[in-house]
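J.: So I've got this file, query_39.csv, and it contains CSV, C-alpha atoms:
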```csv
chain,number,residue,atom,x,y,z
A,495,MET,CA,80.4,26.9,66.3
A,496,ASN,CA,80.1,27.4,62.6
A,497,ASP,CA,83.5,27.6,60.9
A,498,SER,CA,82.3,30.6,58.9
A,499,HIS,CA,82.4,32.7,62.1
A,500,LYS,CA,86.2,32.4,62.3
A,501,THR,CA,88.6,34.1,60.0
A,502,ALA,CA,92.3,33.3,59.5
A,503,VAL,CA,94.7,36.3,59.8
A,504,SER,CA,98.1,36.2,58.2
A,505,THR,CA,100.9,38.5,57.2
A,506,GLN,CA,104.3,38.2,55.5
A,507,HIS,CA,105.7,40.4,58.2
A,508,ALA,CA,105.6,37.5,60.6
A,509,PRO,CA,106.9,33.9,60.2
A,510,ALA,CA,104.6,31.8,58.1
A,511,ALA,CA,102.8,28.9,59.8
A,512,ILE,CA,104.9,25.8,59.3
A,513,GLY,CA,102.1,23.3,60.2
A,514,PRO,CA,98.3,22.9,60.1
A,515,TYR,CA,97.6,26.1,62.0
A,516,SER,CA,97.0,29.8,61.4
A,517,GLN,CA,99.2,32.8,62.5
A,518,ALA,CA,96.0,34.0,64.1
A,519,ILE,CA,92.2,33.5,64.1
A,520,ARG,CA,89.7,36.3,64.4
A,521,PHE,CA,86.4,35.2,66.1
A,522,GLY,CA,84.0,38.1,66.5
A,523,ASP,CA,85.8,41.0,68.1
A,524,LEU,CA,88.6,38.8,69.5
A,525,LEU,CA,91.9,37.8,67.9
A,526,TYR,CA,93.7,34.6,69.1
A,527,THR,CA,97.4,34.3,67.9
A,528,SER,CA,99.4,31.2,67.7
A,529,GLY,CA,102.5,31.1,69.8
A,530,GLN,CA,105.4,33.0,68.2
A,531,ILE,CA,109.0,32.2,68.6
A,532,ALA,CA,111.9,34.5,67.6
A,533,LEU,CA,111.9,33.6,63.9
A,534,ASP,CA,113.0,36.3,61.4
A,535,PRO,CA,110.1,36.4,58.9
A,536,ALA,CA,112.5,37.1,56.0
A,537,THR,CA,114.7,34.1,56.6
A,538,GLY,CA,112.7,31.7,58.7
A,539,GLN,CA,115.7,31.4,61.0
A,540,LEU,CA,115.9,31.9,64.8
A,541,VAL,CA,117.4,35.4,65.5
A,542,PRO,CA,120.8,35.3,67.1
A,543,GLY,CA,121.2,36.6,70.6
A,544,ALA,CA,119.9,36.0,74.1
A,545,ILE,CA,116.5,36.4,75.7
A,546,ALA,CA,116.2,40.2,75.1
A,547,GLU,CA,116.8,39.8,71.4
A,548,GLN,CA,114.5,36.8,71.1
A,549,THR,CA,111.7,38.5,73.1
A,550,THR,CA,112.0,41.6,70.9
A,551,ARG,CA,111.6,39.5,67.8
A,552,VAL,CA,108.7,37.6,69.2
A,553,LEU,CA,106.9,40.8,70.1
A,554,GLU,CA,107.6,42.4,66.7
A,555,ASN,CA,106.1,39.3,65.0
A,556,LEU,CA,103.0,39.5,67.2
A,557,LYS,CA,102.8,43.3,66.5
A,558,ALA,CA,102.8,42.5,62.8
A,559,ILE,CA,100.0,39.9,63.2
A,560,LEU,CA,97.9,42.3,65.2
A,561,ALA,CA,98.4,45.0,62.6
A,562,ALA,CA,97.2,42.6,59.9
A,563,ALA,CA,94.0,42.1,61.9
A,564,GLY,CA,93.5,45.8,62.4
A,565,THR,CA,94.5,46.1,66.0
A,566,ASP,CA,97.6,46.7,68.1
A,567,LEU,CA,99.4,45.9,71.3
A,568,ALA,CA,97.3,48.3,73.4
A,569,HIS,CA,94.3,46.1,72.8
A,570,VAL,CA,95.9,42.9,74.1
A,571,ILE,CA,93.9,41.4,77.0
A,572,LYS,CA,95.7,38.2,77.7
A,573,THR,CA,99.2,36.7,77.1
A,574,VAL,CA,100.8,33.4,77.8
A,575,VAL,CA,104.6,33.4,77.9
A,576,PHE,CA,106.6,30.1,77.7
A,577,LEU,CA,110.2,30.4,78.9
A,578,LYS,CA,112.8,27.8,78.4
A,579,ASP,CA,114.5,29.0,81.6
A,580,MET,CA,112.7,30.9,84.3
A,581,ASN,CA,116.0,32.6,85.1
A,582,ASP,CA,115.3,34.7,82.0
A,583,PHE,CA,112.1,36.1,83.5
A,584,ALA,CA,113.5,39.5,84.5
A,585,ALA,CA,115.2,40.1,81.1
A,586,MET,CA,112.1,39.0,79.2
A,587,ASN,CA,109.9,41.1,81.5
A,588,ALA,CA,111.8,44.2,80.8
A,589,ILE,CA,111.3,43.9,77.0
A,590,TYR,CA,107.7,42.8,77.5
A,591,ARG,CA,107.0,45.9,79.6
A,592,GLU,CA,108.2,48.2,76.8
A,593,TYR,CA,105.8,46.6,74.3
A,594,LEU,CA,102.7,45.6,76.4
A,595,ALA,CA,102.8,47.8,79.5
A,596,PRO,CA,104.1,51.3,78.6
A,597,GLU,CA,103.1,54.3,80.6
A,598,GLY,CA,99.4,54.9,80.4
A,599,ILE,CA,98.5,51.4,79.0
A,600,THR,CA,96.7,48.8,81.3
A,601,PRO,CA,98.8,45.7,81.0
A,602,PRO,CA,97.1,42.5,79.9
A,603,ALA,CA,96.5,39.5,82.1
A,604,ARG,CA,99.4,37.1,81.8
A,605,SER,CA,100.5,33.6,82.6
A,606,THR,CA,104.2,32.7,82.4
A,607,VAL,CA,105.5,29.1,82.6
A,608,GLU,CA,108.8,27.4,82.2
A,609,VAL,CA,108.9,24.6,79.7
A,610,ALA,CA,111.4,21.8,78.9
A,611,SER,CA,111.9,22.9,75.4
A,612,LEU,CA,110.5,25.1,72.6
A,613,PRO,CA,110.6,24.7,68.8
A,614,LYS,CA,114.0,25.3,67.2
A,615,ASP,CA,115.5,25.5,70.8
A,616,ALA,CA,114.0,29.0,71.2
A,617,LEU,CA,114.3,30.7,74.6
A,618,VAL,CA,110.8,32.2,74.6
A,619,GLU,CA,107.4,31.8,72.9
A,620,ILE,CA,104.4,34.1,73.4
A,621,GLU,CA,100.8,33.9,72.4
A,622,LEU,CA,98.1,36.4,73.0
A,623,ILE,CA,94.4,37.4,72.8
A,624,ALA,CA,93.5,40.9,71.6
A,625,VAL,CA,90.3,42.9,71.0
A,626,VAL,CA,89.7,44.0,67.4
A,627,GLN,CA,87.7,47.1,67.1
```
Represent the structure contained in this file as structure tokens.
T.:
Amino acid sequence: MNDSHKTAVSTQHAPAAIGPYSQAIRFGDLLYTSGQIALDPATGQLVPGAIAEQTTRVLENLKAILAAAGTDLAHVIKTVVFLKDMNDFAAMNAIYREYLAPEGITPPARSTVEVASLPKDALVEIELIAVVQ
């Protein structure tokens, strides 16, 4: 792979990368996002609230990254969800469904795993792959 085939995508409407990674990478017609936690892009702080509020912020961050790349949530083909507590699955899934599986949209493939901890003690982290047209 030649590095010139991949393009970094970033937006101020999602939290800035805080390490040696990009918010997302476009490679051909595919966009690969880094995992997003529920950071408010304006403050860099974790949003207050439980799993519903954090899942909403995560998906809003991902939506902003997709928009910066010229695509949207309807073009997501794969997600990976990391949960701090699998007991939060149903509440996360309800918000996830609103964003990624509304009526008339084929939901993406998905993996969901429970993890011991997430950055900043977040409750959820989501990464995705989308098609860019």
J.: Go through A:Met580, A:Ala595, A:Val626, A:Leu567 and flag the residue nearest Val503 of chain A, using only C-alpha atoms for the distances.
T.: A:Val626
J.: At a cut-off of 9 Å, using all atoms listed in the file, what residues contact segment 613-622 of chain A? Leave out same-chain residues fewer than 2 positions from it and give the result as a PDB file with C-alpha atoms, in the coordinates of the input.
T.:
```pdb
ATOM      1  CA  LEU A 525      91.900  37.800  67.900  1.00  0.00           C
ATOM      2  CA  TYR A 526      93.700  34.600  69.100  1.00  0.00           C
ATOM      3  CA  THR A 527      97.400  34.300  67.900  1.00  0.00           C
ATOM      4  CA  SER A 528      99.400  31.200  67.700  1.00  0.00           C
ATOM      5  CA  GLY A 529     102.500  31.100  69.800  1.00  0.00           C
ATOM      6  CA  GLN A 530     105.400  33.000  68.200  1.00  0.00           C
ATOM      7  CA  ILE A 531     109.000  32.200  68.600  1.00  0.00           C
ATOM      8  CA  ALA A 532     111.900  34.500  67.600  1.00  0.00           C
ATOM      9  CA  LEU A 533     111.900  33.600  63.900  1.00  0.00           C
ATOM     10  CA  GLN A 539     115.700  31.400  61.000  1.00  0.00           C
ATOM     11  CA  LEU A 540     115.900  31.900  64.800  1.00  0.00           C
ATOM     12  CA  ALA A 544     119.900  36.000  74.100  1.00  0.00           C
ATOM     13  CA  ILE A 545     116.500  36.400  75.700  1.00  0.00           C
ATOM     14  CA  GLN A 548     114.500  36.800  71.100  1.00  0.00           C
ATOM     15  CA  THR A 549     111.700  38.500  73.100  1.00  0.00           C
ATOM     16  CA  VAL A 552     108.700  37.600  69.200  1.00  0.00           C
ATOM     17  CA  LEU A 553     106.900  40.800  70.100  1.00  0.00           C
ATOM     18  CA  LEU A 556     103.000  39.500  67.200  1.00  0.00           C
ATOM     19  CA  VAL A 570      95.900  42.900  74.100  1.00  0.00           C
ATOM     20  CA  ILE A 571      93.900  41.400  77.000  1.00  0.00           C
ATOM     21  CA  LYS A 572      95.700  38.200  77.700  1.00  0.00           C
ATOM     22  CA  THR A 573      99.200  36.700  77.100  1.00  0.00           C
ATOM     23  CA  VAL A 574     100.800  33.400  77.800  1.00  0.00           C
ATOM     24  CA  VAL A 575     104.600  33.400  77.900  1.00  0.00           C
ATOM     25  CA  PHE A 576     106.600  30.100  77.700  1.00  0.00           C
ATOM     26  CA  LEU A 577     110.200  30.400  78.900  1.00  0.00           C
ATOM     27  CA  LYS A 578     112.800  27.800  78.400  1.00  0.00           C
ATOM     28  CA  ASP A 579     114.500  29.000  81.600  1.00  0.00           C
ATOM     29  CA  ASP A 582     115.300  34.700  82.000  1.00  0.00           C
ATOM     30  CA  MET A 586     112.100  39.000  79.200  1.00  0.00           C
ATOM     31  CA  ARG A 604      99.400  37.100  81.800  1.00  0.00           C
ATOM     32  CA  SER A 611     111.900  22.900  75.400  1.00  0.00           C
ATOM     33  CA  ALA A 624      93.500  40.900  71.600  1.00  0.00           C
TER      34      ALA A 624
END
```
J.: Interatomic distance between atom CA of Ile519 of chain A and atom CA of Ala502 of chain A?
T.: 4.6 Å
J.: How far is it from atom CA of Thr565 of chain A to atom CA of Ser504 of chain A, in Å with one decimal?
T.: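 Rounded to one decimal, the two atoms are 13.1 Å apart.
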J.: Identify which of the residues A:Pro596, A:Pro542, A:Pro535, A:Pro602 lies closest to Ala558 of chain A, counting all atoms listed in the file when measuring atom-to-atom distances.
T.: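 Of A:Pro596, A:Pro542, A:Pro535, A:Pro602, the one nearest Ala558 of chain A is A:Pro535, counting all atoms listed in the file.
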J.: Show me, as a PyMOL selection string, the residues that have an atom within 7 Å of Leu594 of chain A when counting all atoms listed in the file, minus same-chain residues fewer than 4 positions from it.
T.: chain A and resi 567-568+590+601
J.: Just to be explicit: take each residue in the selection above, keep C-alpha atoms, and write the result as a PDB file, in the frame of the given file.
T.:
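Saved file selection_12.pdb follows:
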```
ATOM      1  CA  LEU A 567      99.400  45.900  71.300  1.00  0.00           C
ATOM      2  CA  ALA A 568      97.300  48.300  73.400  1.00  0.00           C
ATOM      3  CA  TYR A 590     107.700  42.800  77.500  1.00  0.00           C
ATOM      4  CA  PRO A 601      98.800  45.700  81.000  1.00  0.00           C
TER       5      PRO A 601
END
```
J.: Restricting the calculation to all atoms listed in the file, which member of A:Thr606, A:Val625, A:Gly538, A:Pro514 is positioned closest to Asn587 of chain A?
T.: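 Using all atoms listed in the file, Asn587 of chain A sits closest to A:Thr606.
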J.: Nearest residue to Ile559 of chain A out of A:Ala508, A:Ala546, A:Val607, A:Ala584, using all atoms listed in the file?
T.: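 Of all the options, A:Ala508 lies closest to Ile559 of chain A.
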